[in-house]
Each structure stands twice: as structure tokens, then as C-alpha cells.
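Engineer: For reference, the structure I am asking about is given below.
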Amino acid sequence: QGEFFWCDPKGKIVHKDSFFEPPTDVRPSEGRIARVHEYGCFDTSLVPKGGEGNRVLLLLIQRGDGSVWPYYAEEKTLRDKGKWDPVVAEELLACLDAKRAVNRAVIGYRDFTNASKYCNGK
């Protein structure tokens with residue numbers, strides 16, 4: 001259990017308890033965020049339109065104060081120089097570009113406080 005933070009359409013900071021459901025026997029490598037429909041930060045109208053060659057990533061960004069802010073990022077903006085911090089863009093693109101089965105979602109994390117990371121690509 002934790003909290004998600006986001007700004008509502010008027011710019012007011014909103015937060016709500018969030019819950020992560022662990023993997024099940026049927027899907028042992030897939031946990032999930034429960035009740036996503038209850039969080040304004042996951043409003044589908046806010047999701048950029050992906051499309052061919054422009055995947056959309058859901059980033060869960062933990063700030064220095066411990067708050068977690070969901071954020072959508074488009075692949076094309078990560079590839080555009082100057083739109084993202086180059087270290088962050090490089091980490092995300094390396095995982096996006098890693099080889100994996102065609103039917104596998106891109107999953108990973110990067111912890112900039114202790115330099116740990118994971119990417120499900122090869």
C-alpha cells in the first residue's frame with residue numbers, strides 16, 4: 001500500500017491511497033495496481049496517443065520526499081534530444097530497445113539513489 005499523487009485539471013495536488021496486488025499462481029510474474037479506474041492520474045484522456053513507433057510508457061516516479069507520481073511518457077519525446085534529462089532518456093531507451101519476445105511488455109525500473117536497475121530485456 002502507498003499513495004499516488006497527481007495534479008487535477010485545475011492544478012491542485014491530489015493524492016489517494018494505492019494498492020499493489022502481488023502476482024498470482026496463474027500469472028506468477030505479473031503484479032498489478034488495483035482499482036486504477038479510481039485514480040484521476042490514470043484517466044485515459046490523459047494518455048498520449050501511441051501508435052507505430054511511438055510507444056507510451058507509464059512511469060512511476062518517486063520524488064525525494066517519498067511521494068509517487070504516475071506519469072506518461074512517449075517514446076518519441078525520449079528520442080528527441082533536449083526534451084528529457086539525457087541520463088533518464090538513455091536508461092529508458094536502453095530498456096525499450098532491449099531484445100525480448102514480441103508478446104512481452106517492457107518492464108523495468110531504475111533507482112537513481114542506489115544505482116540499482118532492472119529491465120526484462122536481454
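Going through the C-alpha cells in order, the chains are called A, B, and so on, while each chain numbers its residues from 1 and the ligands are numbered from 1 in the order shown.
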What's around stretch 43-47 of chain A at 10 Å? Count only C-alpha atoms, leave out sequence neighbours fewer than 2 positions away in its own chain, and write the answer as a list in words.

Structural biologist: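 My list of contacting residues is Val36, His37, Glu38, Tyr39, Gly40, Cys41, Lys49, Gly50, Val56, Leu57, Leu58, Tyr71, Tyr72, Ala73 and Glu74 of chain A.
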
Engineer: Hey, can you spit out that residue selection with all heavy atoms as a compact mmCIF listing (two decimals), in the first residue's frame?

Structural biologist:
# COMPACT_ATOMS: atom_id res chain seq x y z
N VAL A 36 -7.41 0.89 -10.77
CA VAL A 36 -6.85 2.05 -11.48
C VAL A 36 -7.92 3.05 -11.92
O VAL A 36 -7.63 4.24 -12.05
CB VAL A 36 -5.98 1.64 -12.69
CG1 VAL A 36 -4.75 0.90 -12.25
CG2 VAL A 36 -6.76 0.84 -13.70
N HIS A 37 -9.13 2.58 -12.09
CA HIS A 37 -10.21 3.48 -12.53
C HIS A 37 -10.55 4.54 -11.47
O HIS A 37 -11.22 5.52 -11.77
CB HIS A 37 -11.46 2.67 -12.88
CG HIS A 37 -12.06 1.94 -11.72
ND1 HIS A 37 -11.51 0.78 -11.23
CD2 HIS A 37 -13.10 2.24 -10.93
CE1 HIS A 37 -12.22 0.38 -10.19
NE2 HIS A 37 -13.20 1.26 -9.98
N GLU A 38 -10.06 4.37 -10.25
CA GLU A 38 -10.36 5.31 -9.18
C GLU A 38 -9.35 6.46 -9.07
O GLU A 38 -9.52 7.34 -8.24
CB GLU A 38 -10.42 4.57 -7.84
CG GLU A 38 -11.55 3.58 -7.74
CD GLU A 38 -11.59 2.86 -6.41
OE1 GLU A 38 -10.79 3.22 -5.51
OE2 GLU A 38 -12.43 1.96 -6.27
N TYR A 39 -8.32 6.45 -9.90
CA TYR A 39 -7.28 7.46 -9.82
C TYR A 39 -7.33 8.38 -11.04
O TYR A 39 -7.19 7.93 -12.16
CB TYR A 39 -5.90 6.81 -9.76
CG TYR A 39 -5.76 5.79 -8.66
CD1 TYR A 39 -5.80 4.43 -8.94
CD2 TYR A 39 -5.59 6.18 -7.34
CE1 TYR A 39 -5.68 3.48 -7.94
CE2 TYR A 39 -5.48 5.24 -6.32
CZ TYR A 39 -5.52 3.90 -6.63
OH TYR A 39 -5.41 2.97 -5.64
N GLY A 40 -7.47 9.66 -10.79
CA GLY A 40 -7.51 10.63 -11.88
C GLY A 40 -6.24 10.64 -12.72
O GLY A 40 -6.26 10.98 -13.89
N CYS A 41 -5.12 10.24 -12.12
CA CYS A 41 -3.84 10.23 -12.85
C CYS A 41 -3.81 9.19 -13.96
O CYS A 41 -2.96 9.25 -14.85
CB CYS A 41 -2.68 10.01 -11.89
SG CYS A 41 -2.82 8.53 -10.88
N LYS A 49 -1.40 9.53 -27.44
CA LYS A 49 -1.69 8.54 -28.48
C LYS A 49 -0.37 7.93 -28.93
O LYS A 49 0.51 8.63 -29.40
CB LYS A 49 -2.42 9.17 -29.67
CG LYS A 49 -3.72 9.85 -29.30
CD LYS A 49 -4.70 8.87 -28.68
CE LYS A 49 -5.99 9.56 -28.31
NZ LYS A 49 -6.54 9.16 -27.05
N GLY A 50 -0.25 6.64 -28.75
CA GLY A 50 0.97 5.95 -29.13
C GLY A 50 1.04 5.77 -30.63
O GLY A 50 1.19 6.72 -31.37
N VAL A 56 3.97 4.22 -25.53
CA VAL A 56 3.70 5.08 -24.38
C VAL A 56 4.09 4.30 -23.12
O VAL A 56 3.67 3.16 -22.94
CB VAL A 56 2.22 5.51 -24.32
CG1 VAL A 56 1.94 6.31 -23.07
CG2 VAL A 56 1.85 6.30 -25.56
N LEU A 57 4.88 4.94 -22.27
CA LEU A 57 5.33 4.32 -21.03
C LEU A 57 4.59 4.91 -19.85
O LEU A 57 4.31 6.11 -19.83
CB LEU A 57 6.82 4.59 -20.82
CG LEU A 57 7.78 4.19 -21.91
CD1 LEU A 57 9.17 4.66 -21.58
CD2 LEU A 57 7.76 2.69 -22.10
N LEU A 58 4.31 4.09 -18.87
CA LEU A 58 3.82 4.58 -17.59
C LEU A 58 5.01 4.58 -16.65
O LEU A 58 5.60 3.54 -16.37
CB LEU A 58 2.71 3.68 -17.02
CG LEU A 58 2.33 3.98 -15.57
CD1 LEU A 58 1.76 5.39 -15.43
CD2 LEU A 58 1.35 2.95 -15.05
N TYR A 71 3.24 9.08 -14.32
CA TYR A 71 3.47 10.00 -15.43
C TYR A 71 3.55 9.19 -16.71
O TYR A 71 4.20 8.15 -16.76
CB TYR A 71 4.79 10.76 -15.19
CG TYR A 71 5.05 11.83 -16.20
CD1 TYR A 71 4.46 13.08 -16.08
CD2 TYR A 71 5.90 11.60 -17.28
CE1 TYR A 71 4.70 14.08 -17.02
CE2 TYR A 71 6.15 12.59 -18.22
CZ TYR A 71 5.55 13.82 -18.08
OH TYR A 71 5.79 14.79 -19.01
N TYR A 72 2.92 9.67 -17.77
CA TYR A 72 3.02 9.04 -19.08
C TYR A 72 4.12 9.70 -19.89
O TYR A 72 4.25 10.92 -19.89
CB TYR A 72 1.70 9.15 -19.85
CG TYR A 72 0.58 8.35 -19.24
CD1 TYR A 72 -0.48 8.97 -18.59
CD2 TYR A 72 0.58 6.96 -19.31
CE1 TYR A 72 -1.51 8.23 -18.04
CE2 TYR A 72 -0.44 6.21 -18.75
CZ TYR A 72 -1.48 6.86 -18.12
OH TYR A 72 -2.49 6.12 -17.57
N ALA A 73 4.91 8.89 -20.58
CA ALA A 73 5.97 9.41 -21.44
C ALA A 73 5.89 8.73 -22.80
O ALA A 73 5.72 7.52 -22.88
CB ALA A 73 7.33 9.13 -20.81
N GLU A 74 6.01 9.53 -23.84
CA GLU A 74 6.01 8.99 -25.20
C GLU A 74 7.44 8.67 -25.63
O GLU A 74 8.36 9.43 -25.36
CB GLU A 74 5.44 10.01 -26.18
CG GLU A 74 3.98 10.31 -26.00
CD GLU A 74 3.53 11.38 -26.96
OE1 GLU A 74 3.22 11.02 -28.12
OE2 GLU A 74 3.51 12.56 -26.57

Engineer: Do a neighbour search on A:Lys99 at 10 Å with only C-alpha atoms, toss out local chain neighbours closer than 3 positions, and write the hits as a ChimeraX atom specification.

Structural biologist: /A:94-96,102,104,106,120-122

Engineer: Those same residues - all heavy atoms - I'd like them written as a PDB file, in the first residue's frame.

Structural biologist:
ATOM      1  N   ALA A  94      17.298   2.334 -23.432  1.00  0.00           N
ATOM      2  CA  ALA A  94      18.053   1.080 -23.420  1.00  0.00           C
ATOM      3  C   ALA A  94      17.124  -0.087 -23.107  1.00  0.00           C
ATOM      4  O   ALA A  94      17.223  -1.165 -23.715  1.00  0.00           O
ATOM      5  CB  ALA A  94      19.193   1.144 -22.407  1.00  0.00           C
ATOM      6  N   CYS A  95      16.207   0.103 -22.182  1.00  0.00           N
ATOM      7  CA  CYS A  95      15.258  -0.966 -21.847  1.00  0.00           C
ATOM      8  C   CYS A  95      14.240  -1.151 -22.976  1.00  0.00           C
ATOM      9  O   CYS A  95      13.914  -2.270 -23.347  1.00  0.00           O
ATOM     10  CB  CYS A  95      14.568  -0.666 -20.516  1.00  0.00           C
ATOM     11  SG  CYS A  95      13.646  -2.079 -19.863  1.00  0.00           S
ATOM     12  N   LEU A  96      13.740  -0.049 -23.530  1.00  0.00           N
ATOM     13  CA  LEU A  96      12.800  -0.161 -24.653  1.00  0.00           C
ATOM     14  C   LEU A  96      13.419  -0.918 -25.826  1.00  0.00           C
ATOM     15  O   LEU A  96      12.758  -1.709 -26.489  1.00  0.00           O
ATOM     16  CB  LEU A  96      12.379   1.226 -25.134  1.00  0.00           C
ATOM     17  CG  LEU A  96      11.234   1.907 -24.436  1.00  0.00           C
ATOM     18  CD1 LEU A  96      11.063   3.328 -24.958  1.00  0.00           C
ATOM     19  CD2 LEU A  96       9.949   1.134 -24.590  1.00  0.00           C
ATOM     20  N   VAL A 102       8.244 -10.875 -28.770  1.00  0.00           N
ATOM     21  CA  VAL A 102       7.358  -9.868 -29.356  1.00  0.00           C
ATOM     22  C   VAL A 102       6.092  -9.646 -28.531  1.00  0.00           C
ATOM     23  O   VAL A 102       5.522  -8.564 -28.549  1.00  0.00           O
ATOM     24  CB  VAL A 102       7.028 -10.247 -30.821  1.00  0.00           C
ATOM     25  CG1 VAL A 102       5.887 -11.220 -30.919  1.00  0.00           C
ATOM     26  CG2 VAL A 102       6.777  -9.019 -31.657  1.00  0.00           C
ATOM     27  N   ARG A 104       5.897  -9.630 -25.242  1.00  0.00           N
ATOM     28  CA  ARG A 104       6.280  -9.255 -23.882  1.00  0.00           C
ATOM     29  C   ARG A 104       6.215  -7.753 -23.689  1.00  0.00           C
ATOM     30  O   ARG A 104       6.728  -6.986 -24.500  1.00  0.00           O
ATOM     31  CB  ARG A 104       7.711  -9.690 -23.590  1.00  0.00           C
ATOM     32  CG  ARG A 104       7.859 -11.152 -23.329  1.00  0.00           C
ATOM     33  CD  ARG A 104       7.318 -11.400 -21.978  1.00  0.00           C
ATOM     34  NE  ARG A 104       8.108 -12.317 -21.231  1.00  0.00           N
ATOM     35  CZ  ARG A 104       7.553 -13.184 -20.442  1.00  0.00           C
ATOM     36  NH1 ARG A 104       6.257 -13.257 -20.342  1.00  0.00           N
ATOM     37  NH2 ARG A 104       8.289 -13.981 -19.746  1.00  0.00           N
ATOM     38  N   VAL A 106       7.328  -4.252 -21.932  1.00  0.00           N
ATOM     39  CA  VAL A 106       8.577  -3.713 -21.415  1.00  0.00           C
ATOM     40  C   VAL A 106       8.359  -3.402 -19.938  1.00  0.00           C
ATOM     41  O   VAL A 106       7.455  -2.658 -19.576  1.00  0.00           O
ATOM     42  CB  VAL A 106       8.978  -2.428 -22.166  1.00  0.00           C
ATOM     43  CG1 VAL A 106      10.238  -1.827 -21.564  1.00  0.00           C
ATOM     44  CG2 VAL A 106       9.154  -2.716 -23.653  1.00  0.00           C
ATOM     45  N   ASN A 120      13.499  -6.208 -18.259  1.00  0.00           N
ATOM     46  CA  ASN A 120      13.187  -7.580 -18.621  1.00  0.00           C
ATOM     47  C   ASN A 120      13.665  -7.958 -20.020  1.00  0.00           C
ATOM     48  O   ASN A 120      13.354  -9.024 -20.513  1.00  0.00           O
ATOM     49  CB  ASN A 120      11.692  -7.852 -18.488  1.00  0.00           C
ATOM     50  CG  ASN A 120      10.855  -7.113 -19.507  1.00  0.00           C
ATOM     51  OD1 ASN A 120      11.250  -6.065 -20.030  1.00  0.00           O
ATOM     52  ND2 ASN A 120       9.669  -7.619 -19.792  1.00  0.00           N
ATOM     53  N   GLY A 121      14.444  -7.118 -20.657  1.00  0.00           N
ATOM     54  CA  GLY A 121      15.016  -7.451 -21.959  1.00  0.00           C
ATOM     55  C   GLY A 121      16.322  -8.207 -21.806  1.00  0.00           C
ATOM     56  O   GLY A 121      16.856  -8.370 -20.708  1.00  0.00           O
ATOM     57  N   LYS A 122      16.839  -8.689 -22.924  1.00  0.00           N
ATOM     58  CA  LYS A 122      18.097  -9.453 -22.907  1.00  0.00           C
ATOM     59  C   LYS A 122      19.255  -8.565 -23.293  1.00  0.00           C
ATOM     60  O   LYS A 122      19.147  -7.673 -24.044  1.00  0.00           O
ATOM     61  CB  LYS A 122      17.995 -10.628 -23.877  1.00  0.00           C
ATOM     62  CG  LYS A 122      16.938 -11.601 -23.481  1.00  0.00           C
ATOM     63  CD  LYS A 122      16.832 -12.713 -24.485  1.00  0.00           C
ATOM     64  CE  LYS A 122      15.699 -13.634 -24.120  1.00  0.00           C
ATOM     65  NZ  LYS A 122      15.405 -14.623 -25.100  1.00  0.00           N
TER      66      LYS A 122
END

Engineer: Go through A:Glu30, A:Glu21, A:Asp97, A:Asp65 and flag the residue nearest A:Phe5, using only C-alpha atoms for the distances.

Structural biologist: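 Looking at the shortest contact to A:Phe5, the residue is A:Asp65.
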
Engineer: Which one of A:Phe19, A:Asp111, A:Pro9, A:Val26 sits closest to A:Val88 if you count only C-alpha atoms?

Structural biologist: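 That would be A:Asp111, the residue with the smallest distance to A:Val88.
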
Engineer: Separation of atom CA of A:Ala89 and atom CA of A:Tyr109, in Å?

Structural biologist: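 Answer for the atom CA of A:Ala89 to atom CA of A:Tyr109 separation: 12.7 Å.
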
Engineer: Give me the residues near A:Ser67 as an MDAnalysis selection string, where near means some atom within 9 Å (using only C-alpha atoms) and where sequence neighbours in that chain fewer than 4 positions away do not count.

Structural biologist: chainID A and resid 2:5 61:63

Engineer: Could you give me the residues within chain A that DSSP places in alpha helix (DSSP H), as a list in words?

Structural biologist: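 Selecting the alpha helix (DSSP H) positions of chain A gives Glu75, Lys76, Thr77, Leu78, Arg79, Pro86, Val87, Val88, Ala89, Glu90, Glu91, Leu92, Leu93, Ala94, Cys95, Leu96 and Asp97 of chain A.
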
Engineer: Separation of atom CA of A:Asn54 and atom CA of A:Glu75, in Å?

Structural biologist: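 Going from atom CA of A:Asn54 over to atom CA of A:Glu75, I get 5.1 Å.
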
Engineer: With only C-alpha atoms as the basis for distance, which of A:Pro22, A:Ala98, A:Ile33, A:Arg55 is at the shortest distance from A:Leu78?

Structural biologist: A:Arg55
